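**Q** Sharing structure.cif (mmCIF, C-alpha atoms and all ligand atoms) below.
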```
data_model
loop_
_atom_site.label_atom_id
_atom_site.label_comp_id
_atom_site.auth_asym_id
_atom_site.auth_seq_id
_atom_site.Cartn_x
_atom_site.Cartn_y
_atom_site.Cartn_z
CA MET A 253 39.19 114.60 -14.56
CA ILE A 254 39.35 113.06 -18.03
CA ASP A 255 36.07 113.56 -19.90
CA SER A 256 34.79 114.14 -23.43
CA HIS A 257 36.34 117.63 -23.48
CA THR A 258 39.86 116.47 -22.59
CA LYS A 259 42.50 117.67 -25.06
CA LEU A 260 44.97 115.04 -26.20
CA CYS A 261 48.72 115.66 -26.53
CA CYS A 262 51.20 112.89 -27.18
CA ILE A 263 54.64 111.78 -28.27
CA ILE A 264 55.07 109.62 -31.36
CA GLY A 265 58.22 107.54 -31.75
CA ASN A 266 59.56 104.07 -32.34
CA PRO A 267 60.24 103.11 -29.60
CA ALA A 268 58.17 105.46 -27.43
CA LYS A 269 58.18 103.63 -24.08
CA HIS A 270 61.44 105.27 -22.94
CA SER A 271 59.93 108.76 -23.18
CA LEU A 272 59.83 110.90 -20.03
CA SER A 273 57.51 113.48 -21.63
CA PRO A 274 54.22 111.98 -20.28
CA GLN A 275 55.44 112.29 -16.67
CA MET A 276 56.52 115.92 -17.17
CA HIS A 277 53.48 117.15 -19.11
CA ASN A 278 50.78 115.39 -17.07
CA VAL A 279 52.18 116.79 -13.81
CA GLY A 280 52.11 120.23 -15.45
CA TYR A 281 48.45 119.85 -16.51
CA GLU A 282 47.51 118.72 -13.02
CA ALA A 283 49.36 121.64 -11.40
CA LEU A 284 47.43 124.17 -13.51
CA GLY A 285 44.11 122.24 -13.44
CA LEU A 286 44.05 121.90 -17.23
CA ASN A 287 41.79 119.37 -18.92
CA PHE A 288 44.62 117.88 -20.98
CA VAL A 289 46.26 114.47 -21.10
CA PHE A 290 49.64 113.46 -22.55
CA LEU A 291 50.26 109.89 -23.80
CA ALA A 292 53.10 108.06 -25.58
CA PHE A 293 52.35 106.17 -28.79
CA GLN A 294 54.66 103.85 -30.65
CA SER A 295 54.25 104.07 -34.42
CA MET A 296 56.32 102.91 -37.34
CA ASN A 297 54.39 105.05 -39.82
CA ILE A 298 54.37 108.77 -39.10
CA GLN A 299 52.12 109.54 -42.09
CA ILE A 300 49.31 107.33 -40.79
CA ALA A 301 49.90 108.44 -37.19
CA LEU A 302 49.63 112.14 -38.10
CA ALA A 303 46.54 111.57 -40.27
CA GLY A 304 44.84 109.84 -37.32
CA LEU A 305 45.84 112.51 -34.82
CA ARG A 306 44.63 115.24 -37.18
CA GLU A 307 41.29 113.43 -37.60
CA ILE A 308 40.69 113.09 -33.85
CA ASN A 309 41.90 116.67 -33.31
CA ALA A 310 44.84 115.94 -30.99
CA ARG A 311 46.20 119.32 -29.88
CA GLY A 312 49.95 118.77 -29.69
CA ILE A 313 52.33 116.11 -30.93
CA ALA A 314 55.92 115.66 -29.78
CA VAL A 315 57.91 113.81 -32.43
CA THR A 316 60.93 111.67 -31.67
CA ILE A 317 63.29 109.14 -33.28
CA PRO A 318 62.97 108.02 -36.08
CA HIS A 319 60.27 110.43 -37.34
CA LYS A 320 61.77 113.91 -36.87
CA VAL A 321 62.73 114.39 -40.54
CA GLU A 322 59.97 112.36 -42.23
CA ALA A 323 57.19 114.17 -40.29
CA LEU A 324 57.90 117.39 -42.20
CA LYS A 325 56.34 115.81 -45.31
CA PHE A 326 52.93 115.39 -43.69
CA VAL A 327 52.23 118.82 -42.14
CA ASP A 328 50.63 121.96 -43.56
CA LYS A 329 53.10 124.55 -42.29
CA ILE A 330 56.74 124.46 -41.24
CA ASP A 331 58.29 127.15 -39.05
CA GLU A 332 61.56 128.83 -40.08
CA ALA A 333 63.72 126.88 -37.61
CA ALA A 334 62.27 123.45 -38.43
CA GLY A 335 62.68 124.17 -42.15
CA ASN A 336 66.29 125.28 -41.74
CA ILE A 337 67.20 122.42 -39.39
CA GLY A 338 65.33 119.93 -41.59
CA ALA A 339 63.57 118.26 -38.67
CA THR A 340 60.65 118.78 -36.28
CA ASN A 341 60.18 117.65 -32.68
CA THR A 342 56.88 119.45 -32.07
CA ILE A 343 53.67 119.63 -34.12
CA LEU A 344 50.82 121.94 -33.23
CA ASN A 345 47.29 121.18 -34.45
CA ASP A 346 45.10 124.26 -34.91
CA ASN A 347 41.71 122.78 -35.88
CA GLY A 348 43.17 120.45 -38.48
CA ILE A 349 46.08 122.65 -39.61
CA LEU A 350 49.36 120.98 -38.58
CA THR A 351 52.39 123.23 -38.01
CA ALA A 352 55.85 121.70 -37.54
CA ILE A 353 58.13 123.47 -35.08
CA ASN A 354 61.62 122.72 -33.76
CA THR A 355 62.18 123.44 -30.06
CA ASP A 356 65.41 121.39 -29.69
CA TRP A 357 67.56 124.41 -30.56
CA ILE A 358 65.63 126.65 -28.13
CA SER A 359 66.09 124.26 -25.21
CA ALA A 360 69.80 123.64 -25.89
CA ILE A 361 70.56 127.37 -26.22
CA ARG A 362 68.63 128.12 -23.01
CA ALA A 363 70.67 125.48 -21.15
CA LEU A 364 73.93 126.98 -22.47
CA LYS A 365 72.98 130.60 -21.78
CA LYS A 366 72.33 129.77 -18.11
CA VAL A 367 76.11 129.41 -17.71
CA THR A 368 77.79 131.26 -20.60
CA ASP A 369 77.46 133.95 -23.24
CA LEU A 370 77.54 132.59 -26.77
CA LYS A 371 78.30 135.59 -28.97
CA GLY A 372 81.78 135.20 -30.51
CA LYS A 373 82.51 132.04 -28.49
CA LYS A 374 84.35 129.18 -30.19
CA CYS A 375 82.17 126.06 -29.94
CA ALA A 376 83.18 122.47 -30.64
CA VAL A 377 80.08 120.51 -31.60
CA LEU A 378 80.78 116.76 -31.34
CA GLY A 379 78.43 114.90 -33.69
CA ALA A 380 76.62 115.66 -36.92
CA GLY A 381 73.21 114.01 -36.48
CA GLY A 382 69.74 115.47 -35.92
CA ALA A 383 70.43 117.03 -32.51
CA ALA A 384 73.66 118.56 -33.82
CA ARG A 385 71.77 120.25 -36.67
CA ALA A 386 69.36 121.91 -34.21
CA ILE A 387 72.14 123.02 -31.86
CA ILE A 388 74.35 124.35 -34.67
CA TYR A 389 71.37 126.34 -35.98
CA GLY A 390 70.90 127.88 -32.51
CA LEU A 391 74.60 128.58 -31.92
CA ILE A 392 74.93 130.39 -35.24
CA LYS A 393 71.77 132.40 -34.50
CA GLU A 394 73.43 133.47 -31.22
CA GLY A 395 76.60 134.61 -33.03
CA ALA A 396 78.87 131.75 -31.88
CA GLN A 397 81.67 130.30 -34.05
CA VAL A 398 81.04 126.62 -34.72
CA ASN A 399 83.47 123.80 -35.47
CA ILE A 400 81.94 120.39 -36.13
CA PHE A 401 83.71 117.14 -35.15
CA ASN A 402 82.33 113.78 -36.17
CA ARG A 403 83.27 110.10 -36.45
CA THR A 404 82.18 110.16 -40.10
CA VAL A 405 83.87 113.35 -41.29
CA GLU A 406 81.77 113.44 -44.46
CA HIS A 407 78.61 113.95 -42.33
CA ALA A 408 80.25 116.97 -40.63
CA LYS A 409 81.29 118.33 -44.04
CA ILE A 410 77.67 118.15 -45.26
CA LEU A 411 76.61 120.30 -42.28
CA THR A 412 79.22 122.97 -43.05
CA GLU A 413 77.75 123.17 -46.55
CA HIS A 414 74.32 123.89 -45.03
CA PHE A 415 75.22 126.08 -42.03
CA PRO A 416 77.87 128.84 -41.97
CA ALA A 417 80.18 126.89 -39.64
CA ASN A 418 83.93 127.50 -39.35
CA GLY A 419 85.10 123.99 -40.19
CA PHE A 420 84.65 120.23 -40.02
CA HIS A 421 87.03 117.75 -38.40
CA SER A 422 87.39 114.22 -37.10
CA LEU A 423 86.95 113.55 -33.38
CA GLU A 424 90.69 112.84 -33.25
CA GLN A 425 91.59 116.51 -33.88
CA THR A 426 91.73 117.16 -30.16
CA ASP A 427 94.03 120.20 -30.39
CA ILE A 428 91.29 122.10 -32.23
CA ILE A 429 88.73 120.94 -29.63
CA SER A 430 90.99 122.20 -26.80
CA ASP A 431 91.30 125.56 -28.53
CA CYS A 432 87.49 126.09 -28.31
CA ASP A 433 85.65 127.73 -25.38
CA ILE A 434 82.61 125.46 -25.30
CA ILE A 435 82.40 121.69 -25.99
CA ILE A 436 78.99 120.20 -26.77
CA ASN A 437 78.49 116.46 -27.12
CA THR A 438 75.59 115.59 -29.43
CA THR A 439 76.79 112.06 -30.21
CA SER A 440 75.22 109.11 -28.41
CA VAL A 441 78.64 108.08 -27.02
CA GLY A 442 78.54 107.61 -23.23
CA MET A 443 74.87 106.65 -23.15
CA THR A 444 73.84 103.57 -21.17
CA PRO A 445 75.00 100.80 -21.44
CA ASP A 446 78.33 102.28 -22.71
CA MET A 447 78.78 104.53 -19.70
CA GLU A 448 82.58 104.16 -19.57
CA LYS A 449 82.99 105.76 -23.01
CA SER A 450 83.56 109.41 -23.92
CA PRO A 451 83.68 110.91 -27.43
CA ILE A 452 86.99 112.68 -26.61
CA PRO A 453 89.99 111.97 -24.37
CA ALA A 454 90.00 113.64 -20.93
CA LYS A 455 93.30 115.39 -21.67
CA CYS A 456 91.75 117.77 -24.20
CA ILE A 457 89.35 119.26 -21.61
CA LEU A 458 90.71 122.36 -19.84
CA PRO A 459 89.51 124.17 -16.68
CA ARG A 460 88.35 127.17 -18.78
CA HIS A 461 85.94 125.04 -20.85
CA VAL A 462 82.15 124.87 -20.58
CA VAL A 463 81.15 121.27 -21.36
CA PHE A 464 77.55 120.36 -22.26
CA ASP A 465 76.54 116.73 -22.80
CA ILE A 466 73.03 116.29 -24.23
CA VAL A 467 73.04 112.58 -23.33
CA TYR A 468 70.85 112.22 -20.22
CA THR A 469 71.14 108.51 -19.35
CA PRO A 470 73.25 108.65 -17.24
CA LEU A 471 73.15 112.31 -16.19
CA MET A 472 76.85 112.30 -15.23
CA THR A 473 78.44 110.88 -18.36
CA LYS A 474 82.15 110.04 -18.54
CA LEU A 475 82.66 113.26 -20.54
CA LEU A 476 81.08 115.34 -17.78
CA LYS A 477 82.99 113.50 -15.03
CA ASP A 478 86.25 114.21 -16.89
CA ALA A 479 85.26 117.86 -17.27
CA LYS A 480 84.31 118.18 -13.60
CA ASN A 481 87.62 116.60 -12.55
CA VAL A 482 89.61 119.40 -14.23
CA GLY A 483 87.29 122.09 -12.86
CA ALA A 484 85.44 122.91 -16.10
CA LYS A 485 81.82 124.11 -15.94
CA ILE A 486 79.37 121.36 -16.86
CA ILE A 487 75.79 121.23 -18.16
CA THR A 488 73.78 117.98 -18.02
CA GLY A 489 71.41 116.76 -20.75
CA GLU A 490 68.49 116.91 -18.32
CA LYS A 491 68.41 120.72 -18.76
CA MET A 492 67.73 120.45 -22.49
CA LEU A 493 65.04 117.86 -21.84
CA LEU A 494 63.34 120.04 -19.23
CA TYR A 495 63.46 123.27 -21.25
CA GLY A 496 62.15 121.40 -24.30
CA GLY A 497 59.23 120.03 -22.27
CA LEU A 498 58.41 123.47 -20.84
CA LYS A 499 58.40 125.04 -24.31
CA GLN A 500 56.16 122.30 -25.73
CA PHE A 501 53.78 122.64 -22.77
CA GLU A 502 53.42 126.37 -23.46
CA LEU A 503 52.86 125.82 -27.18
CA PHE A 504 50.22 123.13 -26.56
CA THR A 505 48.30 124.85 -23.73
CA GLY A 506 48.97 128.56 -24.25
CA LYS A 507 49.81 128.75 -20.49
CA LYS A 508 53.08 129.42 -18.68
CA ALA A 509 54.52 126.04 -17.73
CA PRO A 510 54.79 125.30 -13.97
CA PHE A 511 58.59 125.13 -13.78
CA THR A 512 59.06 123.59 -10.32
CA GLN A 513 56.46 120.85 -10.67
CA MET A 514 57.64 119.81 -14.14
CA LYS A 515 61.29 119.88 -13.08
CA GLN A 516 60.54 117.64 -10.08
CA ALA A 517 58.50 115.27 -12.27
CA LEU A 518 61.42 114.96 -14.69
CA GLN A 519 63.89 114.34 -11.85
CA ARG A 520 61.65 111.58 -10.44
CA ALA A 521 61.31 110.01 -13.88
CA LEU A 522 65.08 110.11 -14.43
CA GLN A 523 65.71 108.54 -11.01
CA ASN A 524 63.26 105.72 -11.80
CA LYS A 525 65.03 105.20 -15.13
CA GLU A 526 68.38 104.85 -13.35
CA ILE A 527 66.95 102.42 -10.78
CA ASN A 528 65.19 100.22 -13.39
N1 LIG B 1 68.85 116.08 -23.85
C1 LIG B 1 67.96 116.15 -24.83
O1 LIG B 1 66.91 116.80 -24.71
C2 LIG B 1 68.23 115.45 -26.13
C3 LIG B 1 67.54 115.82 -27.29
C4 LIG B 1 67.82 115.16 -28.50
C5 LIG B 1 68.77 114.13 -28.51
N2 LIG B 1 69.41 113.78 -27.36
C6 LIG B 1 70.42 112.71 -27.36
O2 LIG B 1 71.44 113.07 -28.30
C7 LIG B 1 72.02 111.90 -28.88
C8 LIG B 1 72.05 112.05 -30.41
O3 LIG B 1 70.74 112.14 -30.92
P1 LIG B 1 70.48 112.41 -32.50
O4 LIG B 1 69.02 112.47 -32.68
O5 LIG B 1 71.31 113.53 -32.99
O6 LIG B 1 71.06 111.03 -33.13
P2 LIG B 1 71.57 110.77 -34.63
O7 LIG B 1 70.94 111.71 -35.59
O8 LIG B 1 71.46 109.31 -34.83
O9 LIG B 1 73.17 111.17 -34.58
C9 LIG B 1 74.05 110.38 -33.84
C10 LIG B 1 75.45 111.04 -33.83
O10 LIG B 1 76.28 110.27 -32.94
C11 LIG B 1 77.44 109.81 -33.65
N3 LIG B 1 77.82 108.50 -33.13
C12 LIG B 1 77.02 107.44 -32.90
N4 LIG B 1 77.73 106.41 -32.40
C13 LIG B 1 79.03 106.84 -32.32
C14 LIG B 1 80.24 106.24 -31.88
N5 LIG B 1 80.27 105.00 -31.43
N6 LIG B 1 81.38 106.97 -31.93
C15 LIG B 1 81.36 108.26 -32.37
N7 LIG B 1 80.22 108.89 -32.80
C16 LIG B 1 79.09 108.18 -32.78
C17 LIG B 1 77.03 109.75 -35.11
O11 LIG B 1 78.19 109.81 -35.91
P3 LIG B 1 78.19 109.26 -37.44
O12 LIG B 1 77.75 110.42 -38.28
O13 LIG B 1 79.62 108.89 -37.66
O14 LIG B 1 77.26 108.09 -37.50
C18 LIG B 1 76.15 111.02 -35.19
O15 LIG B 1 76.98 112.16 -35.31
C19 LIG B 1 71.20 110.72 -28.36
O16 LIG B 1 71.89 110.16 -27.27
C20 LIG B 1 69.91 111.38 -27.85
O17 LIG B 1 69.30 110.64 -26.80
C21 LIG B 1 69.17 114.42 -26.18
#
```
Represent the supplied structure as structure tokens.
Ligand SMILES: NC(=O)c1ccc[n+]([C@@H]2O[C@H](COP(=O)([O-])OP(=O)(O)OC[C@H]3O[C@@H](n4cnc5c(N)ncnc54)[C@H](OP(=O)(O)O)[C@@H]3O)[C@@H](O)[C@H]2O)c1
**A**
Amino acid sequence: MIDSHTKLCCIIGNPAKHSLSPQMHNVGYEALGLNFVFLAFQSMNIQIALAGLREINARGIAVTIPHKVEALKFVDKIDEAAGNIGATNTILNDNGILTAINTDWISAIRALKKVTDLKGKKCAVLGAGGAARAIIYGLIKEGAQVNIFNRTVEHAKILTEHFPANGFHSLEQTDIISDCDIIINTTSVGMTPDMEKSPIPAKCILPRHVVFDIVYTPLMTKLLKDAKNVGAKIITGEKMLLYGGLKQFELFTGKKAPFTQMKQALQRALQNKEIN
């Protein structure tokens, strides 16, 4: 029951209405009987939003587009990963002290390690935006070799100056993509409504590849359909979303997240999204 002791957690973004986090977290609180609530707030000004949430002692704040970088300016502490990646997706409030964390890399690496080892593997990261930064950070931490491919090659080059990656390329350099073991799409290509698009041609995907697409609307993107058709192993973006939600839940509540209930809540929310 919500009462005057209820702890508030939320997601801040612009827009925020598309977020599936409230469904996942609230089901988790209910499953464990925790007096918490999770809401989604749209805000254009992360500085004001964080000042307000600090004042009312909100416990946990998930941060999404476009505030992931800017939010770092308005917290008291920044963890090593968030500092290195240059973005936060999770802020913890310990009695007025705000700590910025990045769990995007943790959730992506967990999704990958369910199906493949990473140490020494050649990875083609497609994209050079915020999600790419987090995933590259995680891949390098795991001892993988990273090649970055991007529409704007200059953006990929900037990342190789920050992270010890092997090289930067355009998305057209498909022979180098084929030569990798793991292909990870972090671009928004293939997302609804452009579901017929893929960031790379089907012919550069081989049966020995592991292909991970972090886009989750739709779950089966064109890239993943192409990969499945040749018999490659695939990982859907839903996994990263789920593992990210579980990690945030544990940071906010200090309790082990109820995996099954939160997974089912996310699946229901994704189905509703596809129907609507
Ligand atoms: N599954 C999850 O939990 C999860 C978590 C985070 C993000 N995501 C998804 O990941 C995607 C990227 O998010 P982000 O935060 O990294 O976005 P971002 O910082 O805006 O980066 C977007 C990337 O996509 C590339 N791109 C955009 N349109 C393109 C096009 N038409 N052709 C080729 N490349 C294109 C951009 O290339 P340029 O540099 O050339 O502009 C850039 O590399 C989104 O779809 C988001 O929903 C999923």
**Q** If I take atom C14 of ligand LIG 1 (chain B) and CA of Gln425 in chain A, how far is one from the other in Å, to one decimal?
**A**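 About the pair atom C14 of ligand LIG 1 (chain B) and CA of Gln425 in chain A: they are 15.4 Å apart.
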**Q** For ligand LIG 1 (chain B), collect every residue having any atom at a distance of at most 9 Å from a ligand atom (counting only C-alpha atoms and all ligand atoms); output as a VMD selection string.
**A** chain A and resid 316 to 318 320 356 359 to 360 378 to 386 401 to 408 423 437 to 443 449 to 451 465 to 469 488 to 497
**Q** In terms of the shortest atom-to-atom distance over all atoms listed in the file, which of A:Ala376, A:Val367, A:Ala301, A:Ile392 is closest to Asn336 in chain A?
**A**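 When distances to Asn336 in chain A are compared using all atoms listed in the file, the smallest one comes from A:Ile392.
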**Q** Once you add 8 Å to each side, what are the centre and edge lengths of the axis-aligned box holding all listed atoms of range 338-343 of chain A? One decimal in Å, as lines of an AutoDock Vina configuration file, if you can.
**A**
```
center_x = 59.5
center_y = 118.8
center_z = -36.8
size_x = 27.7
size_y = 18.3
size_z = 25.5
```
**Q** What's the separation between CA of Pro267 in chain A and CA of Gly312 in chain A, in Å to one decimal place?
**A** 18.7 Å
**Q** Using all atoms listed in the file, which residues sit within 6 Å of Cys432 in chain A once same-chain residues fewer than 3 positions away are excluded, as a list in words?
**A**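 Listing them by chain and then by number gives Lys374, Cys375 and Ile429 of chain A.
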**Q** By how many Å are CA of Ala303 in chain A and CA of Leu344 in chain A apart?
**A**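 A separation of 13.2 Å between them.
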**Q** Please list as a list in words every residue within 7 Å of Ala310 in chain A, counting only C-alpha atoms and excluding residues in the same chain fewer than 6 positions away.
**A**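 Contacts, in chain order: Lys259, Leu260, Cys261 and Asn345 of chain A.
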**Q** Write out as a list in words which residues come within 8 Å of range 397-399 of chain A when counting all atoms listed in the file, dropping same-chain ones fewer than 5 positions away.
**A**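 So, after excluding close chain neighbours, the residues are Gly372, Lys373, Lys374, Cys375, Ala376, Val377, Ile388, Leu391, Ile392, Ala417, Asn418, Gly419, Phe420 and His421 of chain A.
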**Q** Around the point (54.3, 119.0, -39.0) (coordinates from the file), which residues reach within 7 Å if we count all atoms listed in the file? Answer as JSON, numbers by chain.
**A** {"A": [323, 324, 326, 327, 328, 329, 330, 340, 343, 350, 351, 352]}
**Q** For Ala479 in chain A, which of A:His461, A:Lys393, A:Arg520, A:His270 is the closest residue, counting only C-alpha atoms?
**A**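 Under the stated criterion, the closest residue is A:His461.
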**Q** Closest to Ala334 in chain A among A:Thr368, A:Gly390, A:Asn297, A:Lys515, using all atoms listed in the file?
**A**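 The shortest atom-to-atom distance to Ala334 in chain A comes from A:Gly390.
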